[in-house]
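Okay, so here's the structure we're looking at.
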There are 2 protein chains.
Amino acid sequence: MNLPARVACIGGGVIGAGWVARLIENGLDVRIFDSAPDARQSMQPVLENADRAYARLTMAQRPVKGQLQFCSSIADAVNGADWVIESVPERLDVKRSVYEAVEAHAPQDCIIASSTSGIMPTDLQQDMQHPERLIVAHPFNPVYLLPVVEVVGGKGTAAESIERAQAFYASLGMKPIQVKREIEAFVADRLLEAIWRESLWLIKDGICTTQELDDIVRFGFGLRYAQMGVFETYRIAGGEAGMRHFLAQFGPCLTWPWTKLMDVPEYNDELVDLIAGQSDAQSGHLDIRELERIRDDNLVAIMQALKANEWGAGLVLADYEKALFDAGARNTGAVDALDFSQPVQTTQRRIPPDWTDYNNHMNEARYLQCFGDATDAFLRMIGCDAEYIASGGSYFTAETHIRHLDEVGVNEPVNTQTQLIAGAGKKLHVFHSLYHGDGRLLATGEHLLIHVSLQTRAACEPSDAIVQKLAMITDHHARLPVPEGAGRFVGQPR
Amino acid sequence: MNLPARVACIGGGVIGAGWVARLIENGLDVRIFDSAPDARQSMQPVLENADRAYARLTMAQRPVKGQLQFCSSIADAVNGADWVIESVPERLDVKRSVYEAVEAHAPQDCIIASSTSGIMPTDLQQDMQHPERLIVAHPFNPVYLLPVVEVVGGKGTAAESIERAQAFYASLGMKPIQVKREIEAFVADRLLEAIWRESLWLIKDGICTTQELDDIVRFGFGLRYAQMGVFETYRIAGGEAGMRHFLAQFGPCLTWPWTKLMDVPEYNDELVDLIAGQSDAQSGHLDIRELERIRDDNLVAIMQALKANEWGAGLVLADYEKALFDAGARNTGAVDALDFSQPVQTTQRRIPPDWTDYNNHMNEARYLQCFGDATDAFLRMIGCDAEYIASGGSYFTAETHIRHLDEVGVNEPVNTQTQLIAGAGKKLHVFHSLYHGDGRLLATGEHLLIHVSLQTRAACEPSDAIVQKLAMITDHHARLPVPEGAGRFVGQPR
């Protein structure tokens, strides 16, 4: 099956522009017709956003960006096209007239894909000469990033058109999901409409504000829905007994007048069998404990990703960590209370699942993350903490040497012991040893750091307090033997 | 305000056990009563999951884990407690009898927090001697990870009790959100109930399976809800004109019979003003383009996090990247077609927002990630690709030296040029130069890799094809000057 090479878009609103962005980012040339005179201008921000997002999405080399050609008529846009994406307003008469023009000028085997979020394909294709090529391919904003696309055929749609659609959208990095029985609004918008209606009641009745409602979503079930859907989530909630238990527990609530949206299906054995059977087919190969661990790993990873972006649930995690670091600082008290007769322990953790790579062990970059974290912990010990950094001083790493001595896998415990090689003036020279919990030496990291002013970004002297603490630690650590591996260059014979 | 030190839990089901897990992971001792004889056993998996999750959640040092004490009665559990968490079944009579026992034995200023997901606090506190201390604190599964907790007071609840609850739950790494007007099921479960009802209709009517519905959620709007809620998402959909435009466009749909859940609020100016006003207060400080970029950064970060976990939308991204790498390999053709008269370009990318740290530049560990990615790209060039690795051969990095020469910030373009220092037998010695798009040298990475068998994890010879390609590249790169910085040790004078 050949993938489309010549794509035409009719309509360049938010959804149409999103399609254009995904297409050209994937190297396809696009011809577009939009009747609005400012279409080119209004599409620009969407194309720029997509460009920015794709630069971050993958470091795989992508095809050369496709060309976008603005056309003055539908006829011009679809001439010679093998795929047409229609994203015009949600009016049946408007869409039908577009299809009439498309059919008059596009090749006969060209697929016509509607982005409608609600109209049934059977209604769309009613007056077409070649209804077999009409499909609905309903994407979600932002179209260039969100994977899902609902693919729906009407009574007149050929099976081959659906197959071609699945292959095409998958090639664009999407997740096409065929909705096999057509209804108005398909599946996603049915669910979104239900949430929306209940949300409007909650605001109208003054139960909460839009901010509070949004927070309850994004700090709560929204995190779950990013990785498991409605049924898999509740399967877990059912515990060992799974979906059937969950239904037995919550099925009767369907008759309770909790929400204002009241037409509900009858809760009976038939419904339980249908849902529990489908849920077994979907998730039965994983036991509940396994599902729980997958869910937890995903929630942790999502919160950590959002922490790096300083947003939402990630900010809650960041605040939590800050309080922990502060408490740690209070608990250890003055650095003078620590024992510096030996290298000092700077970190202790287990290896997260997303730190491993295709060789099934911790990725090399994460060794440096361990050492960077150890350096940060050591810096906090000498008084280069959040407060000091806020005042404008900090250390930048200038040079690093790592020996990767042994492998380490997911969830295994590690700790870092740190020895100060030299710490005077602007220079800080540290040597970290990363140990497995079982005592094996996994790696060493040798680092030269320079104290800087965060204003000028240039080297400068640290505070007197830091100078004194470094002198005190140097006094102890200078008595320790120089660690094996210090001063090595890459490839030096042992 | 003192935080609680002596917490009692009544009920150890999924929610009660989740509370216990969060409490002891945060260093609090907990006394628990559960009437089920196997409570200790059934709680164990939840406590183990939490232990595993917290090890990955943060590398900040957490307090010593709290002790869990099983008690034989409510009286025993709550004696001397300053906080009681009730998570017994959702029956008003059962809960009221628990409160009676708690009030008989707990200190008078002890807060009683119900985990109920639906019953109004005014009903719960009706027969209490000290109703002012009764609150609802409704958490979500898994309680030890999901941040949100709905805090709701009844008619008899003291404002101080709500304040104490906000402080306590925040100290546990949670996001308490006060629902200021009590209704049955509060806010989150209203929304979840609406989704659930519509989901049941979709399954019952045979529109889709549970798997298809779940996929439509987790590959689609679920990703959005992990970072922005219902209203902020639609504010963006409204474009420059924001919420008011969105409402004007979609408000009329409320009367359409799309979902089966039909009681809807009247769409009128009053409702538009209420929602648009609240939305402005919530998000009005960010313009739509800014919101779009935040959303896109979050979506990218979440998909990348899930990719590392090999799950959901992350798998779609992984498949997409694999296809891009394969296409890249096909396009570049044989390695012989590349120009090795100079160092070869191995990567090109922009710096993602989550790669920077408190010094407001790319974190040191990400330099090694850039170099690791460059090494991977070079390995693919010499034939150590996914297929070769699947056959059991690979390279492990043994030693690394990095010079950090210049800073680089978010979204700036970088590329890596790679020179082969030596590639014969089991050893591979490469030197990467990381350049800014403007030509500045940002860092160099020198790496010694050893070819291994992934079965034995021991060194072994690479395939003949790899040996030959390395010989060919060596032949070219040996004519280049040795790069500045190669063979350096940390702290070596220039």
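Scheme for the structure tokens: letters A, B, ... for chains in order shown; per-chain residue numbers from 1; ligand numbers from 1 in order shown.
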
Q: Find the residues around B:His401 up to 6 Å (only C-alpha atoms counted), leave out those fewer than 5 positions away in its own chain, and share them as a list in words.
A: Thr400 and His401 of chain A; Gly445 and Glu446 of chain B

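Neighbouring residues of B:Pro142 at 8 Å or closer, counting only C-alpha atoms and skipping chain neighbours under 5 positions away, are Asp296 of chain A; Ile15 and Gly18 of chain B.
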
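Among the candidate residues A:Arg91, A:His404, A:Lys469, A:Lys307, the one lying nearest to chain B is A:His404, with distances computed using only C-alpha atoms.
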
Q: Determine, counting only C-alpha atoms, which protein, DNA and RNA residues have an atom within 12 Å of an atom of B:His436; residues of the same chain fewer than 6 positions away are not included. Present the result as JSON, numbers by chain.
A: {"B": [347, 348, 349, 350, 351, 405, 406, 407, 408, 409, 410, 411, 412, 413, 414, 415, 416, 417, 442, 443]}

Q.
Can you tell me which residues surround stretch 8-14 of chain B at a distance of at most 7 Å, considering only C-alpha atoms, apart from same-chain residues fewer than 3 positions away, and format the answer as a PyMOL selection string?
A. chain B and resi 17-18+30-34+39+43+77-78+81+83-88

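Put simply, atom CA of B:Gly118 is 5.0 Å away from atom CA of B:Glu184.
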
Q: Return as number ranges by chain the full set of residues in stretch 274-465 of chain A whose backbone-based DSSP assignment is alpha helix (DSSP H).
A: A: 274-283, 288-308, 313-332, 364-381, 386-390, 464-465

Q: Tell me which protein, DNA and RNA residues are within 8 Å of B:Glu103, counting only C-alpha atoms, leaving out same-chain ones fewer than 3 positions away, and put them as a ChimeraX atom specification.
A: /B:99-100,106-108,128-130

When DSSP works through the backbone of this structure, what residues of stretch 268-463 of chain B end up as strand (DSSP E), shown as a PDB file with N, CA and C atoms, in the first residue's frame?
ATOM      1  N   VAL B 344      32.479  13.528  11.381  1.00  0.00           N
ATOM      2  CA  VAL B 344      31.152  13.331  10.797  1.00  0.00           C
ATOM      3  C   VAL B 344      30.084  13.871  11.756  1.00  0.00           C
ATOM      4  N   GLN B 345      29.039  14.487  11.186  1.00  0.00           N
ATOM      5  CA  GLN B 345      27.968  15.002  12.059  1.00  0.00           C
ATOM      6  C   GLN B 345      27.114  13.849  12.563  1.00  0.00           C
ATOM      7  N   THR B 346      26.982  13.740  13.863  1.00  0.00           N
ATOM      8  CA  THR B 346      26.240  12.616  14.439  1.00  0.00           C
ATOM      9  C   THR B 346      24.898  13.022  15.038  1.00  0.00           C
ATOM     10  N   THR B 347      24.761  14.258  15.532  1.00  0.00           N
ATOM     11  CA  THR B 347      23.442  14.679  16.018  1.00  0.00           C
ATOM     12  C   THR B 347      23.218  16.151  15.699  1.00  0.00           C
ATOM     13  N   GLN B 348      21.969  16.508  15.738  1.00  0.00           N
ATOM     14  CA  GLN B 348      21.548  17.898  15.530  1.00  0.00           C
ATOM     15  C   GLN B 348      20.231  18.034  16.275  1.00  0.00           C
ATOM     16  N   ARG B 349      20.101  18.980  17.181  1.00  0.00           N
ATOM     17  CA  ARG B 349      18.856  19.118  17.925  1.00  0.00           C
ATOM     18  C   ARG B 349      18.788  20.471  18.596  1.00  0.00           C
ATOM     19  N   ARG B 350      17.622  20.743  19.217  1.00  0.00           N
ATOM     20  CA  ARG B 350      17.527  21.915  20.093  1.00  0.00           C
ATOM     21  C   ARG B 350      17.413  21.437  21.537  1.00  0.00           C
ATOM     22  N   GLY B 393      25.123  -8.391  20.043  1.00  0.00           N
ATOM     23  CA  GLY B 393      26.360  -7.619  20.190  1.00  0.00           C
ATOM     24  C   GLY B 393      26.045  -6.164  20.515  1.00  0.00           C
ATOM     25  N   SER B 394      26.935  -5.503  21.258  1.00  0.00           N
ATOM     26  CA  SER B 394      26.727  -4.082  21.549  1.00  0.00           C
ATOM     27  C   SER B 394      28.039  -3.492  22.063  1.00  0.00           C
ATOM     28  N   TYR B 395      28.043  -2.184  22.265  1.00  0.00           N
ATOM     29  CA  TYR B 395      29.198  -1.515  22.877  1.00  0.00           C
ATOM     30  C   TYR B 395      28.787  -0.926  24.212  1.00  0.00           C
ATOM     31  N   PHE B 396      29.648  -1.088  25.232  1.00  0.00           N
ATOM     32  CA  PHE B 396      29.455  -0.417  26.522  1.00  0.00           C
ATOM     33  C   PHE B 396      30.536   0.661  26.667  1.00  0.00           C
ATOM     34  N   THR B 397      30.139   1.813  27.224  1.00  0.00           N
ATOM     35  CA  THR B 397      31.139   2.857  27.498  1.00  0.00           C
ATOM     36  C   THR B 397      31.924   2.504  28.760  1.00  0.00           C
ATOM     37  N   ALA B 398      33.241   2.577  28.672  1.00  0.00           N
ATOM     38  CA  ALA B 398      34.092   2.235  29.814  1.00  0.00           C
ATOM     39  C   ALA B 398      34.667   3.474  30.480  1.00  0.00           C
ATOM     40  N   GLU B 399      34.858   4.532  29.695  1.00  0.00           N
ATOM     41  CA  GLU B 399      35.538   5.700  30.257  1.00  0.00           C
ATOM     42  C   GLU B 399      35.137   6.947  29.465  1.00  0.00           C
ATOM     43  N   THR B 400      35.029   8.051  30.173  1.00  0.00           N
ATOM     44  CA  THR B 400      34.509   9.286  29.590  1.00  0.00           C
ATOM     45  C   THR B 400      35.288  10.484  30.117  1.00  0.00           C
ATOM     46  N   HIS B 401      35.580  11.431  29.246  1.00  0.00           N
ATOM     47  CA  HIS B 401      36.138  12.702  29.712  1.00  0.00           C
ATOM     48  C   HIS B 401      35.408  13.835  29.010  1.00  0.00           C
ATOM     49  N   ILE B 402      34.935  14.788  29.779  1.00  0.00           N
ATOM     50  CA  ILE B 402      34.165  15.910  29.219  1.00  0.00           C
ATOM     51  C   ILE B 402      34.825  17.226  29.608  1.00  0.00           C
ATOM     52  N   ARG B 403      34.975  18.136  28.652  1.00  0.00           N
ATOM     53  CA  ARG B 403      35.311  19.519  28.962  1.00  0.00           C
ATOM     54  C   ARG B 403      34.070  20.363  28.718  1.00  0.00           C
ATOM     55  N   HIS B 404      33.598  21.021  29.758  1.00  0.00           N
ATOM     56  CA  HIS B 404      32.451  21.932  29.621  1.00  0.00           C
ATOM     57  C   HIS B 404      33.016  23.315  29.321  1.00  0.00           C
ATOM     58  N   PRO B 413      19.982  25.705  19.301  1.00  0.00           N
ATOM     59  CA  PRO B 413      20.350  24.591  18.416  1.00  0.00           C
ATOM     60  C   PRO B 413      21.779  24.125  18.668  1.00  0.00           C
ATOM     61  N   VAL B 414      21.982  22.840  18.697  1.00  0.00           N
ATOM     62  CA  VAL B 414      23.325  22.272  18.867  1.00  0.00           C
ATOM     63  C   VAL B 414      23.523  21.132  17.879  1.00  0.00           C
ATOM     64  N   ASN B 415      24.792  20.831  17.595  1.00  0.00           N
ATOM     65  CA  ASN B 415      25.099  19.653  16.788  1.00  0.00           C
ATOM     66  C   ASN B 415      26.410  19.056  17.260  1.00  0.00           C
ATOM     67  N   THR B 416      26.579  17.787  16.966  1.00  0.00           N
ATOM     68  CA  THR B 416      27.782  17.087  17.392  1.00  0.00           C
ATOM     69  C   THR B 416      28.557  16.589  16.177  1.00  0.00           C
ATOM     70  N   GLN B 417      29.870  16.820  16.195  1.00  0.00           N
ATOM     71  CA  GLN B 417      30.766  16.310  15.161  1.00  0.00           C
ATOM     72  C   GLN B 417      31.672  15.274  15.821  1.00  0.00           C
ATOM     73  N   THR B 418      31.839  14.153  15.162  1.00  0.00           N
ATOM     74  CA  THR B 418      32.514  13.025  15.797  1.00  0.00           C
ATOM     75  C   THR B 418      33.749  12.592  15.024  1.00  0.00           C
ATOM     76  N   GLN B 419      34.847  12.436  15.766  1.00  0.00           N
ATOM     77  CA  GLN B 419      36.089  11.955  15.161  1.00  0.00           C
ATOM     78  C   GLN B 419      36.469  10.622  15.803  1.00  0.00           C
ATOM     79  N   LEU B 420      36.793   9.650  14.969  1.00  0.00           N
ATOM     80  CA  LEU B 420      37.222   8.352  15.466  1.00  0.00           C
ATOM     81  C   LEU B 420      38.707   8.447  15.799  1.00  0.00           C
ATOM     82  N   ILE B 421      39.058   8.193  17.062  1.00  0.00           N
ATOM     83  CA  ILE B 421      40.474   8.223  17.461  1.00  0.00           C
ATOM     84  C   ILE B 421      41.094   6.856  17.168  1.00  0.00           C
ATOM     85  N   ALA B 422      40.390   5.805  17.532  1.00  0.00           N
ATOM     86  CA  ALA B 422      40.881   4.451  17.266  1.00  0.00           C
ATOM     87  C   ALA B 422      39.689   3.506  17.261  1.00  0.00           C
ATOM     88  N   GLY B 423      39.682   2.548  16.369  1.00  0.00           N
ATOM     89  CA  GLY B 423      38.601   1.577  16.308  1.00  0.00           C
ATOM     90  C   GLY B 423      39.127   0.273  15.758  1.00  0.00           C
ATOM     91  N   ALA B 424      39.686  -0.520  16.637  1.00  0.00           N
ATOM     92  CA  ALA B 424      40.221  -1.810  16.199  1.00  0.00           C
ATOM     93  C   ALA B 424      39.998  -2.804  17.315  1.00  0.00           C
ATOM     94  N   LYS B 427      38.039  -2.464  21.037  1.00  0.00           N
ATOM     95  CA  LYS B 427      38.027  -1.079  21.520  1.00  0.00           C
ATOM     96  C   LYS B 427      37.555  -0.073  20.475  1.00  0.00           C
ATOM     97  N   LEU B 428      36.829   0.906  20.965  1.00  0.00           N
ATOM     98  CA  LEU B 428      36.364   2.001  20.119  1.00  0.00           C
ATOM     99  C   LEU B 428      36.614   3.296  20.891  1.00  0.00           C
ATOM    100  N   HIS B 429      37.380   4.182  20.321  1.00  0.00           N
ATOM    101  CA  HIS B 429      37.772   5.412  21.015  1.00  0.00           C
ATOM    102  C   HIS B 429      37.303   6.580  20.154  1.00  0.00           C
ATOM    103  N   VAL B 430      36.319   7.325  20.651  1.00  0.00           N
ATOM    104  CA  VAL B 430      35.739   8.411  19.849  1.00  0.00           C
ATOM    105  C   VAL B 430      35.889   9.747  20.571  1.00  0.00           C
ATOM    106  N   PHE B 431      35.846  10.801  19.787  1.00  0.00           N
ATOM    107  CA  PHE B 431      35.956  12.163  20.324  1.00  0.00           C
ATOM    108  C   PHE B 431      34.857  13.004  19.691  1.00  0.00           C
ATOM    109  N   HIS B 432      33.928  13.493  20.551  1.00  0.00           N
ATOM    110  CA  HIS B 432      32.809  14.298  20.065  1.00  0.00           C
ATOM    111  C   HIS B 432      33.054  15.774  20.374  1.00  0.00           C
ATOM    112  N   SER B 433      32.652  16.634  19.455  1.00  0.00           N
ATOM    113  CA  SER B 433      32.646  18.074  19.717  1.00  0.00           C
ATOM    114  C   SER B 433      31.209  18.569  19.604  1.00  0.00           C
ATOM    115  N   LEU B 434      30.718  19.169  20.685  1.00  0.00           N
ATOM    116  CA  LEU B 434      29.352  19.698  20.702  1.00  0.00           C
ATOM    117  C   LEU B 434      29.402  21.179  20.361  1.00  0.00           C
ATOM    118  N   TYR B 435      28.786  21.546  19.264  1.00  0.00           N
ATOM    119  CA  TYR B 435      28.788  22.934  18.806  1.00  0.00           C
ATOM    120  C   TYR B 435      27.418  23.571  18.962  1.00  0.00           C
ATOM    121  N   HIS B 436      27.406  24.849  19.280  1.00  0.00           N
ATOM    122  CA  HIS B 436      26.187  25.652  19.156  1.00  0.00           C
ATOM    123  C   HIS B 436      25.929  25.879  17.672  1.00  0.00           C
ATOM    124  N   LEU B 441      32.136  26.307  20.165  1.00  0.00           N
ATOM    125  CA  LEU B 441      32.367  24.989  20.731  1.00  0.00           C
ATOM    126  C   LEU B 441      31.880  24.997  22.181  1.00  0.00           C
ATOM    127  N   LEU B 442      30.908  24.134  22.492  1.00  0.00           N
ATOM    128  CA  LEU B 442      30.305  24.127  23.831  1.00  0.00           C
ATOM    129  C   LEU B 442      30.981  23.125  24.756  1.00  0.00           C
ATOM    130  N   ALA B 443      31.396  21.998  24.200  1.00  0.00           N
ATOM    131  CA  ALA B 443      31.967  20.946  25.042  1.00  0.00           C
ATOM    132  C   ALA B 443      32.631  19.918  24.147  1.00  0.00           C
ATOM    133  N   THR B 444      33.558  19.167  24.732  1.00  0.00           N
ATOM    134  CA  THR B 444      34.084  18.004  24.024  1.00  0.00           C
ATOM    135  C   THR B 444      33.890  16.782  24.900  1.00  0.00           C
ATOM    136  N   GLY B 445      33.713  15.625  24.252  1.00  0.00           N
ATOM    137  CA  GLY B 445      33.548  14.359  24.966  1.00  0.00           C
ATOM    138  C   GLY B 445      34.469  13.317  24.366  1.00  0.00           C
ATOM    139  N   GLU B 446      35.264  12.726  25.215  1.00  0.00           N
ATOM    140  CA  GLU B 446      36.166  11.672  24.748  1.00  0.00           C
ATOM    141  C   GLU B 446      35.749  10.378  25.433  1.00  0.00           C
ATOM    142  N   HIS B 447      35.577   9.319  24.639  1.00  0.00           N
ATOM    143  CA  HIS B 447      34.947   8.110  25.181  1.00  0.00           C
ATOM    144  C   HIS B 447      35.657   6.857  24.703  1.00  0.00           C
ATOM    145  N   LEU B 448      35.889   5.958  25.621  1.00  0.00           N
ATOM    146  CA  LEU B 448      36.394   4.641  25.262  1.00  0.00           C
ATOM    147  C   LEU B 448      35.264   3.634  25.453  1.00  0.00           C
ATOM    148  N   LEU B 449      34.951   2.902  24.370  1.00  0.00           N
ATOM    149  CA  LEU B 449      33.898   1.889  24.443  1.00  0.00           C
ATOM    150  C   LEU B 449      34.508   0.515  24.187  1.00  0.00           C
ATOM    151  N   ILE B 450      33.848  -0.485  24.773  1.00  0.00           N
ATOM    152  CA  ILE B 450      34.300  -1.864  24.601  1.00  0.00           C
ATOM    153  C   ILE B 450      33.164  -2.650  23.960  1.00  0.00           C
ATOM    154  N   HIS B 451      33.476  -3.428  22.932  1.00  0.00           N
ATOM    155  CA  HIS B 451      32.442  -4.280  22.335  1.00  0.00           C
ATOM    156  C   HIS B 451      32.185  -5.469  23.252  1.00  0.00           C
ATOM    157  N   VAL B 452      30.884  -5.771  23.471  1.00  0.00           N
ATOM    158  CA  VAL B 452      30.526  -6.854  24.400  1.00  0.00           C
ATOM    159  C   VAL B 452      29.502  -7.791  23.768  1.00  0.00           C
ATOM    160  N   SER B 453      29.401  -8.971  24.365  1.00  0.00           N
ATOM    161  CA  SER B 453      28.277  -9.866  24.111  1.00  0.00           C
ATOM    162  C   SER B 453      27.207  -9.542  25.148  1.00  0.00           C
TER     163      SER B 453
END

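Between atom CA of B:Arg289 and atom CA of A:Trp201 there is a distance of 28.9 Å.
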
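If you measure from each of A:Gln304, A:Asn26, A:Gln369, A:Ser463 to A:Tyr144 using only C-alpha atoms, the closest one turns out to be A:Asn26.
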
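Between atom CA of A:Ala137 and atom CA of A:Ser115 there is a distance of 5.4 Å.
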
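Comparing B:Ala374, B:Met472, B:Ile302, B:Ala465 by their smallest distance to chain A, the closest is B:Ile302 (using only C-alpha atoms).
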
Need to verify the contact set: stretch 315-322 of chain B, 12 Å, only C-alpha atoms, exclusion of same-chain residues closer than 4 positions in sequence. Can you return it as a short mmCIF file (atom, residue, chain, number, x, y, z; two decimals) with C-alpha atoms, in the first residue's frame?
data_model
loop_
_atom_site.label_atom_id
_atom_site.label_comp_id
_atom_site.auth_asym_id
_atom_site.auth_seq_id
_atom_site.Cartn_x
_atom_site.Cartn_y
_atom_site.Cartn_z
CA ASN A 26 6.70 14.79 8.32
CA TYR A 54 9.03 18.75 16.88
CA LEU A 57 9.96 15.66 20.36
CA THR A 58 12.67 13.50 18.87
CA MET A 59 16.32 13.65 18.05
CA ALA A 60 15.87 11.22 15.16
CA GLN A 61 16.57 12.97 11.89
CA ARG A 62 13.26 13.89 10.29
CA PRO A 63 12.65 14.26 6.55
CA LEU A 145 1.22 16.42 18.87
CA LEU A 146 -1.72 14.42 20.25
CA PRO A 147 -1.48 10.89 18.83
CA VAL A 148 -5.11 9.81 18.73
CA TYR A 169 -1.98 8.22 10.10
CA ALA A 170 0.37 5.72 11.77
CA SER A 171 3.11 6.89 9.38
CA LEU A 172 2.57 10.41 10.74
CA GLY A 173 3.32 9.24 14.29
CA MET A 174 -0.37 8.98 15.21
CA LYS A 175 -2.47 6.30 16.88
CA PRO A 176 -5.48 5.71 14.61
CA GLN A 227 -1.49 6.56 30.84
CA ASP B 215 -6.99 4.03 24.04
CA ARG B 218 -4.92 7.78 27.00
CA PHE B 219 -3.65 8.63 23.50
CA GLY B 220 -5.86 11.71 23.43
CA LEU B 299 2.80 17.02 26.11
CA VAL B 300 6.26 16.40 24.69
CA ALA B 301 7.72 15.80 28.16
CA ILE B 302 4.90 13.45 29.14
CA MET B 303 5.21 11.42 25.92
CA GLN B 304 8.97 11.20 26.39
CA ALA B 305 8.50 10.08 30.01
CA LEU B 306 6.07 7.39 28.85
CA LYS B 307 8.47 6.39 26.08
CA ALA B 308 11.13 5.63 28.68
CA ASN B 309 8.52 3.48 30.46
CA GLU B 310 7.58 1.76 27.18
CA TRP B 311 3.88 2.49 27.71
CA ASP B 326 15.12 3.31 9.74
CA ALA B 327 14.33 5.87 7.07
CA GLY B 328 17.49 7.77 7.97
CA ALA B 329 19.50 4.58 7.62
CA ASP B 385 22.04 -0.78 14.92
CA ALA B 386 18.86 -2.16 16.52
CA GLU B 387 19.09 -5.34 14.44
#

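Nearest to B:Asp51 of all the residues B:Ile24, B:Ser35, B:Ile74, B:Ala323 is B:Ile24, based on only C-alpha atoms.
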